[in-house]
>>> print(open('data-v4.json').read())   # JSON, C-alpha atoms
[["chain", "number", "residue", "atom", "x", "y", "z"],
["A", 1249, "MET", "CA", -7.44, 0.27, 19.56],
["A", 1250, "ASN", "CA", -9.63, -2.75, 18.90],
["A", 1251, "ALA", "CA", -7.65, -5.97, 19.40],
["A", 1252, "ASN", "CA", -10.29, -8.02, 17.56],
["A", 1253, "LEU", "CA", -9.66, -6.42, 14.17],
["A", 1254, "LEU", "CA", -8.97, -8.86, 11.36],
["A", 1255, "PHE", "CA", -5.50, -9.11, 9.87],
["A", 1256, "ASP", "CA", -4.56, -11.84, 7.42],
["A", 1257, "PHE", "CA", -1.48, -12.06, 5.20],
["A", 1258, "THR", "CA", -1.24, -15.04, 2.84],
["A", 1259, "VAL", "CA", 1.32, -15.80, 0.12],
["A", 1260, "ASP", "CA", 0.30, -18.25, -2.62],
["A", 1261, "LYS", "CA", 3.40, -19.00, -4.68],
["A", 1262, "THR", "CA", 1.48, -21.21, -7.12],
["A", 1263, "LYS", "CA", -0.69, -18.19, -8.03],
["A", 1264, "LYS", "CA", 2.23, -15.69, -7.65],
["A", 1265, "THR", "CA", -0.13, -13.71, -5.42],
["A", 1266, "VAL", "CA", -0.18, -12.11, -1.98],
["A", 1267, "PHE", "CA", -3.55, -11.70, -0.25],
["A", 1268, "ILE", "CA", -3.89, -9.19, 2.59],
["A", 1269, "VAL", "CA", -7.05, -8.41, 4.56],
["A", 1270, "ARG", "CA", -6.94, -5.78, 7.30],
["A", 1271, "GLU", "CA", -9.69, -4.10, 9.31],
["A", 1272, "PHE", "CA", -9.43, -0.60, 10.76],
["A", 1273, "ASP", "CA", -11.50, 1.01, 13.49],
["A", 1274, "ALA", "CA", -12.24, 4.04, 11.29],
["A", 1275, "GLY", "CA", -14.79, 5.18, 8.76],
["A", 1276, "LEU", "CA", -14.58, 4.29, 5.10],
["A", 1277, "SER", "CA", -13.95, 7.84, 3.85],
["A", 1278, "LEU", "CA", -10.99, 8.34, 6.17],
["A", 1279, "VAL", "CA", -9.42, 4.97, 5.29],
["A", 1280, "TRP", "CA", -9.96, 5.62, 1.56],
["A", 1281, "ASP", "CA", -8.28, 9.02, 1.89],
["A", 1282, "ALA", "CA", -5.33, 7.44, 3.72],
["A", 1283, "PHE", "CA", -4.70, 5.17, 0.72],
["A", 1284, "THR", "CA", -5.36, 7.76, -2.01],
["A", 1285, "LYS", "CA", -4.06, 11.15, -0.81],
["A", 1286, "GLN", "CA", -0.35, 11.91, -1.00],
["A", 1287, "GLU", "CA", -0.19, 13.93, 2.23],
["A", 1288, "LEU", "CA", -1.67, 11.01, 4.20],
["A", 1289, "LEU", "CA", 0.22, 8.22, 2.39],
["A", 1290, "GLU", "CA", 3.54, 9.85, 3.23],
["A", 1291, "GLN", "CA", 2.69, 9.71, 6.94],
["A", 1292, "TRP", "CA", 2.31, 5.93, 7.15],
["A", 1293, "VAL", "CA", 3.49, 4.01, 4.10],
["A", 1294, "ALA", "CA", 7.16, 3.52, 5.12],
["A", 1295, "PRO", "CA", 8.16, 1.16, 7.93],
["A", 1296, "LYS", "CA", 9.96, 3.10, 10.67],
["A", 1297, "PRO", "CA", 12.72, 4.31, 10.77],
["A", 1298, "TRP", "CA", 12.34, 4.66, 6.97],
["A", 1299, "THR", "CA", 10.35, 7.57, 5.56],
["A", 1300, "CYS", "CA", 8.44, 8.08, 2.34],
["A", 1301, "LYS", "CA", 8.77, 10.88, -0.18],
["A", 1302, "THR", "CA", 6.61, 11.33, -3.23],
["A", 1303, "LYS", "CA", 8.00, 13.03, -6.32],
["A", 1304, "TYR", "CA", 4.53, 13.21, -7.91],
["A", 1305, "MET", "CA", 1.09, 11.66, -7.57],
["A", 1306, "ASP", "CA", -1.95, 11.98, -9.81],
["A", 1307, "PHE", "CA", -4.71, 9.73, -8.44],
["A", 1308, "LYS", "CA", -6.83, 9.17, -11.55],
["A", 1309, "VAL", "CA", -7.12, 6.39, -14.12],
["A", 1310, "GLY", "CA", -3.90, 6.57, -16.12],
["A", 1311, "GLY", "CA", -2.30, 8.76, -13.44],
["A", 1312, "LYS", "CA", 0.93, 7.83, -11.73],
["A", 1313, "ARG", "CA", 2.69, 8.05, -8.39],
["A", 1314, "LEU", "CA", 6.48, 8.05, -8.18],
["A", 1315, "TYR", "CA", 7.75, 7.67, -4.65],
["A", 1316, "ALA", "CA", 10.73, 6.48, -2.64],
["A", 1317, "MET", "CA", 11.22, 4.70, 0.63],
["A", 1318, "VAL", "CA", 14.15, 6.50, 2.25],
["A", 1319, "SER", "CA", 16.42, 4.80, 4.78],
["A", 1320, "PRO", "CA", 17.78, 6.68, 7.82],
["A", 1321, "GLU", "CA", 21.11, 6.83, 5.91],
["A", 1322, "GLY", "CA", 19.41, 8.47, 2.92],
["A", 1323, "VAL", "CA", 19.29, 5.43, 0.62],
["A", 1324, "GLU", "CA", 16.27, 5.76, -1.70],
["A", 1325, "ARG", "CA", 14.29, 2.80, -3.07],
["A", 1326, "TRP", "CA", 11.99, 4.09, -5.80],
["A", 1327, "ALA", "CA", 8.72, 2.67, -7.13],
["A", 1328, "ILE", "CA", 6.27, 3.78, -9.81],
["A", 1329, "GLN", "CA", 2.55, 3.11, -9.69],
["A", 1330, "GLU", "CA", 0.03, 3.59, -12.48],
["A", 1331, "TYR", "CA", -3.65, 3.67, -11.56],
["A", 1332, "THR", "CA", -5.63, 1.45, -13.93],
["A", 1333, "SER", "CA", -9.11, 1.53, -12.37],
["A", 1334, "ILE", "CA", -10.81, 3.65, -9.71],
["A", 1335, "THR", "CA", -14.28, 3.23, -8.23],
["A", 1336, "PRO", "CA", -14.46, 5.90, -5.51],
["A", 1337, "LYS", "CA", -14.61, 4.65, -1.93],
["A", 1338, "THR", "CA", -14.82, 0.97, -2.95],
["A", 1339, "ASN", "CA", -11.93, -0.11, -5.19],
["A", 1340, "PHE", "CA", -8.83, 0.92, -7.06],
["A", 1341, "LYS", "CA", -6.27, -1.00, -9.05],
["A", 1342, "MET", "CA", -2.74, -0.16, -10.04],
["A", 1343, "HIS", "CA", 0.37, -1.53, -11.63],
["A", 1344, "ASN", "CA", 3.38, -1.24, -9.31],
["A", 1345, "ALA", "CA", 7.05, -1.63, -10.25],
["A", 1346, "PHE", "CA", 10.41, -0.87, -8.74],
["A", 1347, "ALA", "CA", 11.91, 2.09, -10.60],
["A", 1348, "ASP", "CA", 14.76, 4.55, -10.78],
["A", 1349, "LYS", "CA", 14.42, 8.11, -9.47],
["A", 1350, "ASP", "CA", 13.15, 9.25, -12.89],
["A", 1351, "GLY", "CA", 10.28, 6.74, -12.90],
["A", 1352, "ASN", "CA", 11.75, 4.25, -15.37],
["A", 1353, "PRO", "CA", 10.24, 0.92, -14.27],
["A", 1354, "GLU", "CA", 12.22, -2.18, -13.45],
["A", 1355, "LEU", "CA", 10.02, -4.87, -14.94],
["A", 1356, "PRO", "CA", 8.30, -7.15, -14.24],
["A", 1357, "GLY", "CA", 5.95, -5.47, -11.81],
["A", 1358, "SER", "CA", 2.83, -6.45, -9.95],
["A", 1359, "GLU", "CA", -0.90, -5.74, -10.15],
["A", 1360, "TRP", "CA", -2.46, -4.42, -6.95],
["A", 1361, "ASP", "CA", -6.23, -4.56, -6.35],
["A", 1362, "TYR", "CA", -7.61, -2.74, -3.29],
["A", 1363, "THR", "CA", -11.21, -3.26, -2.15],
["A", 1364, "PHE", "CA", -12.77, -1.22, 0.68],
["A", 1365, "SER", "CA", -15.94, -1.93, 2.66],
["A", 1366, "GLU", "CA", -17.39, -0.68, 5.93],
["A", 1367, "LYS", "CA", -19.64, -2.30, 8.49],
["A", 1368, "ASN", "CA", -20.55, -0.78, 11.86],
["A", 1369, "GLY", "CA", -17.73, 1.77, 11.68],
["A", 1370, "ILE", "CA", -15.08, -0.85, 10.90],
["A", 1371, "THR", "CA", -13.47, -0.54, 7.46],
["A", 1372, "LYS", "CA", -12.07, -3.65, 5.81],
["A", 1373, "VAL", "CA", -9.36, -3.33, 3.19],
["A", 1374, "SER", "CA", -8.67, -6.36, 1.00],
["A", 1375, "ILE", "CA", -5.52, -6.23, -1.12],
["A", 1376, "THR", "CA", -4.56, -8.71, -3.81],
["A", 1377, "ILE", "CA", -1.06, -8.41, -5.26],
["A", 1378, "TYR", "CA", -0.50, -10.47, -8.39],
["A", 1379, "ASN", "CA", 3.11, -10.74, -9.57],
["A", 1380, "GLU", "CA", 4.01, -11.25, -13.20],
["A", 1381, "SER", "CA", 6.76, -13.63, -12.14],
["A", 1382, "LEU", "CA", 7.50, -15.97, -9.27],
["A", 1383, "ALA", "CA", 11.00, -14.46, -9.13],
["A", 1384, "ARG", "CA", 9.53, -11.01, -8.41],
["A", 1385, "LEU", "CA", 7.25, -12.40, -5.70],
["A", 1386, "GLU", "CA", 10.20, -14.16, -4.10],
["A", 1387, "LYS", "CA", 12.28, -10.95, -4.31],
["A", 1388, "MET", "CA", 9.50, -9.05, -2.49],
["A", 1389, "ILE", "CA", 9.38, -11.69, 0.24],
["A", 1390, "GLU", "CA", 13.20, -11.78, 0.57],
["A", 1391, "MET", "CA", 13.25, -7.97, 0.94],
["A", 1392, "GLY", "CA", 11.02, -8.32, 4.00],
["A", 1393, "PHE", "CA", 7.75, -7.31, 2.36],
["A", 1394, "LYS", "CA", 5.53, -9.03, 4.92],
["A", 1395, "GLU", "CA", 7.32, -7.48, 7.88],
["A", 1396, "GLY", "CA", 7.53, -4.07, 6.24],
["A", 1397, "PHE", "CA", 3.92, -4.03, 5.07],
["A", 1398, "THR", "CA", 2.72, -5.21, 8.48],
["A", 1399, "ALA", "CA", 4.67, -2.35, 10.09],
["A", 1400, "THR", "CA", 3.19, 0.20, 7.67],
["A", 1401, "LEU", "CA", -0.34, -1.00, 8.44],
["A", 1402, "SER", "CA", 0.42, -0.45, 12.15],
["A", 1403, "ASN", "CA", 1.57, 3.07, 11.24],
["A", 1404, "LEU", "CA", -1.73, 3.54, 9.40],
["A", 1405, "GLU", "CA", -3.73, 2.32, 12.39],
["A", 1406, "LYS", "CA", -2.00, 4.91, 14.63],
["A", 1407, "LEU", "CA", -2.58, 7.67, 12.06],
["A", 1408, "LEU", "CA", -6.27, 6.77, 11.71],
["A", 1409, "THR", "CA", -6.67, 6.83, 15.50],
["A", 1410, "THR", "CA", -5.08, 10.29, 15.63],
["A", 1411, "LEU", "CA", -7.18, 11.62, 12.73],
["A", 1412, "SER", "CA", -10.40, 10.13, 14.14],
["A", 1413, "GLN", "CA", -9.87, 12.02, 17.38],
["A", 1414, "LYS", "CA", -9.67, 15.40, 15.61]]
>>> encode(input="data-v4.json", output="structure tokens")
Amino acid sequence: MNANLLFDFTVDKTKKTVFIVREFDAGLSLVWDAFTKQELLEQWVAPKPWTCKTKYMDFKVGGKRLYAMVSPEGVERWAIQEYTSITPKTNFKMHNAFADKDGNPELPGSEWDYTFSEKNGITKVSITIYNESLARLEKMIEMGFKEGFTATLSNLEKLLTTLSQK
């Protein structure tokens, strides 16, 4: 593990936006797959001891992913994502909203913009999360979004290390 990898997490309440930049010691294709393939997402996207289960995922423009974070007690917190733009290996955008188990969104949601780049075997992922309302942004923060997302990125780093060794 490279201790010099960049990690920045900034909340700008005036812009209702979260900015995250994280580097991974792994190739671009592998990191892209980890963010866009259901079987890999489910291995890292929930902070331990929570797990992730996906009801369906169709990674294409207009496609959707309905998934839940599941607590050790079995409590499910559902979210629905709709992919609005995909440029393979460099960028994808989606609308994300809390939802019920049938995929009915709890609005307002947020717009997520992921950008991927690689230099010398280090892949940088830049994520911008724009919230339609300050109340939603504050709800995310109150729910422990920073801590949870930081934990999931650590899960991803471990998964990438394991997959890179195969």
>>> residues_around(input="data-v4.json", residues="Ala1274 (chain A)", least_positions_apart="3", cutoff="8 Å", atoms="only C-alpha atoms", output="PDB file with C-alpha atoms, in the coordinates of the input")
ATOM      1  CA  LEU A1278     -10.990   8.340   6.170  1.00  0.00           C
ATOM      2  CA  VAL A1279      -9.420   4.970   5.290  1.00  0.00           C
ATOM      3  CA  GLY A1369     -17.730   1.770  11.680  1.00  0.00           C
ATOM      4  CA  ILE A1370     -15.080  -0.850  10.900  1.00  0.00           C
ATOM      5  CA  THR A1371     -13.470  -0.540   7.460  1.00  0.00           C
ATOM      6  CA  LEU A1408      -6.270   6.770  11.710  1.00  0.00           C
ATOM      7  CA  THR A1409      -6.670   6.830  15.500  1.00  0.00           C
ATOM      8  CA  SER A1412     -10.400  10.130  14.140  1.00  0.00           C
TER       9      SER A1412
END
>>> residues_around(input="data-v4.json", residues="region 1346-1363 of chain A", least_positions_apart="3", cutoff="6 Å", atoms="only C-alpha atoms", output="VMD selection string")
chain A and resid 1326 to 1328 1338 to 1343 1373 to 1380
>>> closest_residue(input="data-v4.json", among="A:Ile1334, A:Ala1345, A:Ser1319, A:Gln1286", to="Met1305 (chain A)", atoms="all atoms listed in the file")
A:Gln1286
>>> closest_residue(input="data-v4.json", among="A:Lys1414, A:Val1269, A:Gly1311, A:Gly1392", to="Leu1253 (chain A)", atoms="all atoms listed in the file")
A:Val1269
>>> closest_residue(input="data-v4.json", among="A:Phe1307, A:Phe1255, A:Gly1396, A:Ile1389", to="Asp1281 (chain A)", atoms="only C-alpha atoms")
A:Phe1307
>>> build_atoms(input="data-v4.json", residues="region 1343-1368 of chain A", atoms="N, CA and C atoms", output="mmCIF file, keeping the file's coordinate frame")
data_model
loop_
_atom_site.group_PDB
_atom_site.id
_atom_site.type_symbol
_atom_site.label_atom_id
_atom_site.label_comp_id
_atom_site.auth_asym_id
_atom_site.auth_seq_id
_atom_site.Cartn_x
_atom_site.Cartn_y
_atom_site.Cartn_z
ATOM 1 N N HIS A 1343 -0.827 -0.761 -11.308
ATOM 2 C CA HIS A 1343 0.370 -1.530 -11.630
ATOM 3 C C HIS A 1343 1.504 -0.895 -10.826
ATOM 4 N N ASN A 1344 2.293 -1.712 -10.157
ATOM 5 C CA ASN A 1344 3.380 -1.240 -9.310
ATOM 6 C C ASN A 1344 4.686 -1.890 -9.774
ATOM 7 N N ALA A 1345 5.743 -1.093 -9.868
ATOM 8 C CA ALA A 1345 7.050 -1.630 -10.250
ATOM 9 C C ALA A 1345 8.144 -0.866 -9.527
ATOM 10 N N PHE A 1346 9.231 -1.571 -9.220
ATOM 11 C CA PHE A 1346 10.410 -0.870 -8.740
ATOM 12 C C PHE A 1346 10.855 0.030 -9.886
ATOM 13 N N ALA A 1347 11.537 1.134 -9.560
ATOM 14 C CA ALA A 1347 11.910 2.090 -10.600
ATOM 15 C C ALA A 1347 13.174 2.840 -10.187
ATOM 16 N N ASP A 1348 13.688 3.627 -11.133
ATOM 17 C CA ASP A 1348 14.760 4.550 -10.780
ATOM 18 C C ASP A 1348 14.125 5.884 -10.379
ATOM 19 N N LYS A 1349 14.941 6.838 -9.975
ATOM 20 C CA LYS A 1349 14.420 8.110 -9.470
ATOM 21 C C LYS A 1349 13.689 8.928 -10.533
ATOM 22 N N ASP A 1350 13.844 8.548 -11.801
ATOM 23 C CA ASP A 1350 13.150 9.250 -12.890
ATOM 24 C C ASP A 1350 11.855 8.551 -13.298
ATOM 25 N N GLY A 1351 11.529 7.437 -12.619
ATOM 26 C CA GLY A 1351 10.280 6.740 -12.900
ATOM 27 C C GLY A 1351 10.374 5.677 -13.973
ATOM 28 N N ASN A 1352 11.585 5.329 -14.391
ATOM 29 C CA ASN A 1352 11.750 4.250 -15.370
ATOM 30 C C ASN A 1352 11.577 2.923 -14.643
ATOM 31 N N PRO A 1353 10.540 2.150 -15.020
ATOM 32 C CA PRO A 1353 10.240 0.920 -14.270
ATOM 33 C C PRO A 1353 11.256 -0.181 -14.488
ATOM 34 N N GLU A 1354 11.392 -0.969 -13.434
ATOM 35 C CA GLU A 1354 12.220 -2.180 -13.450
ATOM 36 C C GLU A 1354 11.230 -3.329 -13.543
ATOM 37 N N LEU A 1355 11.052 -3.861 -14.739
ATOM 38 C CA LEU A 1355 10.020 -4.870 -14.940
ATOM 39 C C LEU A 1355 10.567 -6.259 -14.675
ATOM 40 N N PRO A 1356 9.757 -7.234 -14.303
ATOM 41 C CA PRO A 1356 8.300 -7.150 -14.240
ATOM 42 C C PRO A 1356 7.823 -6.450 -12.978
ATOM 43 N N GLY A 1357 6.554 -6.121 -12.962
ATOM 44 C CA GLY A 1357 5.950 -5.470 -11.810
ATOM 45 C C GLY A 1357 4.879 -6.350 -11.208
ATOM 46 N N SER A 1358 3.938 -5.707 -10.546
ATOM 47 C CA SER A 1358 2.830 -6.450 -9.950
ATOM 48 C C SER A 1358 1.550 -5.636 -10.080
ATOM 49 N N GLU A 1359 0.428 -6.352 -10.060
ATOM 50 C CA GLU A 1359 -0.900 -5.740 -10.150
ATOM 51 C C GLU A 1359 -1.507 -5.741 -8.751
ATOM 52 N N TRP A 1360 -1.873 -4.571 -8.278
ATOM 53 C CA TRP A 1360 -2.460 -4.420 -6.950
ATOM 54 C C TRP A 1360 -3.943 -4.083 -7.101
ATOM 55 N N ASP A 1361 -4.777 -4.760 -6.331
ATOM 56 C CA ASP A 1361 -6.230 -4.560 -6.350
ATOM 57 C C ASP A 1361 -6.678 -4.338 -4.912
ATOM 58 N N TYR A 1362 -7.156 -3.130 -4.632
ATOM 59 C CA TYR A 1362 -7.610 -2.740 -3.290
ATOM 60 C C TYR A 1362 -9.130 -2.663 -3.271
ATOM 61 N N THR A 1363 -9.764 -3.330 -2.317
ATOM 62 C CA THR A 1363 -11.210 -3.260 -2.150
ATOM 63 C C THR A 1363 -11.508 -2.801 -0.731
ATOM 64 N N PHE A 1364 -12.412 -1.833 -0.601
ATOM 65 C CA PHE A 1364 -12.770 -1.220 0.680
ATOM 66 C C PHE A 1364 -14.242 -1.472 0.977
ATOM 67 N N SER A 1365 -14.547 -1.814 2.226
ATOM 68 C CA SER A 1365 -15.940 -1.930 2.660
ATOM 69 C C SER A 1365 -16.023 -1.549 4.133
ATOM 70 N N GLU A 1366 -17.206 -1.104 4.543
ATOM 71 C CA GLU A 1366 -17.390 -0.680 5.930
ATOM 72 C C GLU A 1366 -18.634 -1.337 6.512
ATOM 73 N N LYS A 1367 -18.518 -1.749 7.763
ATOM 74 C CA LYS A 1367 -19.640 -2.300 8.490
ATOM 75 C C LYS A 1367 -19.503 -1.883 9.950
ATOM 76 N N ASN A 1368 -20.531 -1.218 10.458
ATOM 77 C CA ASN A 1368 -20.550 -0.780 11.860
ATOM 78 C C ASN A 1368 -19.321 0.020 12.254
#
